[in-house]
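Let me begin by presenting the structure, written as structure tokens, before commenting on it.
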Amino acid sequence: MSGEDSFNAHDLQTKVLKSDNKRFYLDVKENNRGRFLKITEVNTQARTKNKITLALSSVEEFRDFLNMFAEFYNNLGPTPANATRDGKLKSEFMKKDDKRYFLDLKENSRGRFLRVSQVVRYTRHHVAFPAILLVELRNAVNEVLEEFGGNDGDTAQSTLPQSKECKVEQKKFYFDVGRNDRGVFLRLTEATKNNFRQNITIPRSGWKQVRDILDEFCAYEEAGSSNGNYAVLVPSSPSPSNPSLASPPHYKDQASGEYQASGDPYQASGDPYQASGEF
């Protein structure tokens, strides 16, 4: 859930938990992608704020883990011998679409606490609850489930394809399908090892055109790989799904190993969707 999604959301319910100089806000919100729970940790002394978000469909699993951690904490005596060097006492993991959540019960000089980290690709957010709040937190989350259930409230969004990812050489590519008031779109994100990311969005009306172009490149690559001879690629004829498929010849330079194009139209104009704002 992006910051923009959270900003455009409206509140359905808010619960507040207090512990010393911290406040925890559990906000049930709704936007054009459905309903979700936003948990915000506010340190009134340090004036810092951390937050994570969970789709309502993942809140039940989160509640069950909280119950497990609360029971484990209540039965925990002095620091166990098998505690890790970083103070980790117990860990669990959950996943929802492209979001991963790490739940770690830890101990340091200030006491025991549960850290919940949300990781979306290379971005990490976390909140930390004092262990003495675990039962109260579990009860508050349970009340959210009793009132709103575990449905995200957007059946159209739930029918969209699940996110995919793949690794190619030193890069990762993420494929996320979403929906907003402009329709359904595919967000393709390229991520490198040094945490540099860039993305493009493709409206659903263009998916078949992109597929046809990729199919053509794949057929060309397979033909060249089989005989070691990369001939000039003959432009394809326009197809019903892509009347503008015909493009300048592309070939693979044997010396540089790079694909070259004569007057490549894809380099000239830029991405209109990037210029006008992401979906």
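Note on naming: chains are A, B, ... as they come in the structure tokens, residues start from 1 per chain, ligands start from 1 in the order shown.
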>> So that I can see what lies close to Leu54 (chain A), please list as an NGL selection string the residues with an atom at most 10 Å from it, counting only C-alpha atoms and leaving out residues fewer than 4 positions away in the same chain.
In response: :A and (1 or 28 or 35-39 or 58-59 or 62 or 96 or 99 or 101 or 118 or 152)
>> For a quick check of understanding, using only C-alpha atoms, which of A:Asp64, A:Glu107, A:Asp176, A:Asp98 has the smallest distance to Ile200 (chain A)?
In response: A:Asp176
>> Env of Lys90 (chain A): 8 Å cut, atoms = only C-alpha atoms, seq-sep filter 6 positions within chain, self excluded. Answer as a PyMOL selection string.
In response: chain A and resi 69+104-106
List as a compact mmCIF listing (two decimals) with N, CA, C and O atoms, in the first residue's frame the protein and nucleic acid residues near Glu143 (chain A), meaning an atom at most 12 Å away when only C-alpha atoms are counted, but skip any in the same chain fewer than 3 places from it.
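The file below, result.txt, is the result:
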```txt
# COMPACT_ATOMS: atom_id res chain seq x y z
N GLN A 13 -12.48 3.26 11.17
CA GLN A 13 -12.42 3.05 12.62
C GLN A 13 -10.98 3.30 13.10
O GLN A 13 -10.03 3.07 12.37
N THR A 14 -10.85 3.77 14.33
CA THR A 14 -9.53 4.00 14.92
C THR A 14 -9.50 3.47 16.36
O THR A 14 -10.44 3.71 17.12
N LYS A 15 -8.44 2.77 16.70
CA LYS A 15 -8.20 2.30 18.06
C LYS A 15 -6.83 2.80 18.50
O LYS A 15 -5.91 2.90 17.67
N LEU A 26 -4.40 2.07 15.49
CA LEU A 26 -4.86 1.04 14.57
C LEU A 26 -6.03 1.64 13.79
O LEU A 26 -7.13 1.82 14.33
N VAL A 28 -8.57 1.45 10.60
CA VAL A 28 -9.17 0.72 9.49
C VAL A 28 -9.54 1.76 8.44
O VAL A 28 -10.27 2.72 8.72
N VAL A 59 -5.33 -9.82 7.98
CA VAL A 59 -5.37 -9.46 9.39
C VAL A 59 -5.66 -10.67 10.28
O VAL A 59 -5.13 -10.78 11.39
N GLU A 60 -6.45 -11.63 9.80
CA GLU A 60 -6.75 -12.81 10.60
C GLU A 60 -5.48 -13.61 10.87
O GLU A 60 -5.26 -14.06 12.01
N ARG A 63 -3.53 -11.76 13.44
CA ARG A 63 -4.11 -11.97 14.77
C ARG A 63 -3.68 -13.30 15.36
O ARG A 63 -3.35 -13.39 16.56
N GLU A 136 -3.21 -6.95 24.65
CA GLU A 136 -4.08 -5.82 24.31
C GLU A 136 -4.11 -5.58 22.80
O GLU A 136 -5.16 -5.28 22.23
N LEU A 137 -2.96 -5.74 22.15
CA LEU A 137 -2.90 -5.59 20.70
C LEU A 137 -3.70 -6.68 20.01
O LEU A 137 -4.47 -6.41 19.09
N ARG A 138 -3.55 -7.92 20.45
CA ARG A 138 -4.30 -9.02 19.87
C ARG A 138 -5.79 -8.79 20.01
O ARG A 138 -6.57 -9.01 19.07
N ASN A 139 -6.24 -8.32 21.18
CA ASN A 139 -7.67 -8.08 21.40
C ASN A 139 -8.19 -6.97 20.49
O ASN A 139 -9.30 -7.06 19.96
N ALA A 140 -7.38 -5.92 20.29
CA ALA A 140 -7.79 -4.82 19.42
C ALA A 140 -7.92 -5.29 17.98
O ALA A 140 -8.88 -4.94 17.27
N GLU A 146 -13.90 -8.79 14.07
CA GLU A 146 -15.30 -9.02 14.40
C GLU A 146 -16.21 -8.00 13.74
O GLU A 146 -17.33 -8.32 13.35
N GLU A 147 -15.75 -6.77 13.60
CA GLU A 147 -16.59 -5.73 13.02
C GLU A 147 -16.53 -5.68 11.50
O GLU A 147 -17.54 -5.47 10.84
N PHE A 148 -15.34 -5.90 10.93
CA PHE A 148 -15.18 -5.72 9.48
C PHE A 148 -14.92 -7.03 8.73
O PHE A 148 -14.96 -7.04 7.50
N GLY A 149 -14.65 -8.11 9.46
CA GLY A 149 -14.37 -9.37 8.80
C GLY A 149 -12.99 -9.37 8.15
O GLY A 149 -12.21 -8.43 8.31
N GLY A 150 -12.70 -10.41 7.39
CA GLY A 150 -11.40 -10.53 6.75
C GLY A 150 -11.45 -10.30 5.27
O GLY A 150 -10.60 -10.80 4.52
```
> Which one is closest to Ala131 (chain A): A:Asp97, A:Phe72, A:Ala219, A:Arg182? Count only C-alpha atoms.
Replying inline: A:Phe72
>> Env of Ala191 (chain A): 6 Å cut, atoms = only C-alpha atoms, seq-sep filter 4 positions within chain, self excluded. Answer as number ranges by chain.
In response: A: 171-172, 196-197
> Residues of region 37-245 of chain A in strand (DSSP E or B) according to DSSP, as an MDAnalysis selection string?
Replying inline: chainID A and resid 37:43 48:55 88:96 99:108 111:120 123:130 164:168 171:180 183:192 197:203 239 242
> What's the 8 Å shell around region 40-48 of chain A, counting only C-alpha atoms, without same-chain residues fewer than 4 positions away, as a ChimeraX atom specification?
Replying inline: /A:21-26,52,127-128
Residues from the last selection, C-alpha atoms, saved as a CSV table (one decimal), in the first residue's frame:
```csv
chain,number,residue,atom,x,y,z
A,21,ASN,CA,6.0,7.5,25.8
A,22,LYS,CA,4.5,5.7,22.8
A,23,ARG,CA,1.1,5.6,21.2
A,24,PHE,CA,-0.1,3.0,18.7
A,25,TYR,CA,-2.9,3.8,16.3
A,26,LEU,CA,-4.9,1.0,14.6
A,52,ILE,CA,2.9,-0.6,8.4
A,127,VAL,CA,6.7,-0.9,14.2
A,128,ALA,CA,7.8,-2.3,17.6
```
> What is the distance, in Å and to one decimal place, between CA of Phe175 (chain A) and CA of Asn194 (chain A)?
Replying inline: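 About the pair CA of Phe175 (chain A) and CA of Asn194 (chain A): they are 19.6 Å apart.
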> Which residues, written as a list in words, have at least one atom at most 12 Å from Pro78 (chain A), with only C-alpha atoms counted and residues fewer than 5 positions away on the same chain left out?
Replying inline: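 Counting only the stated atoms, we get Tyr73, Ala83, Leu89, Glu107, Gly111 and Arg112 of chain A.
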Write to file, as a PDB file, in the first residue's frame, the residues of the selection just made, with C-alpha atoms.
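selection01.pdb, freshly written:
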```pdb
ATOM      1  CA  TYR A  73       5.788 -14.474  26.030  1.00  0.00           C
ATOM      2  CA  ALA A  83      18.417 -16.736  22.076  1.00  0.00           C
ATOM      3  CA  LEU A  89      13.586 -15.024  20.892  1.00  0.00           C
ATOM      4  CA  GLU A 107      15.028  -8.629  23.869  1.00  0.00           C
ATOM      5  CA  GLY A 111      13.153  -5.169  27.715  1.00  0.00           C
ATOM      6  CA  ARG A 112      11.239  -7.466  25.392  1.00  0.00           C
TER       7      ARG A 112
END
```
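Counting from CA of Val135 (chain A), the distance to CA of Asn74 (chain A) is 9.7 Å.
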>> Among region 121-165 of chain A, which residues does DSSP mark as alpha helix (DSSP H) when it is run on the backbone? Keep the chain and numbering as in the structure and answer as a list in words.
In response: Leu134, Val135, Glu136, Leu137, Arg138, Asn139, Ala140, Val141, Asn142, Glu143, Val144, Leu145, Glu146, Glu147, Phe148, Thr155, Ala156, Gln157 and Ser158 of chain A
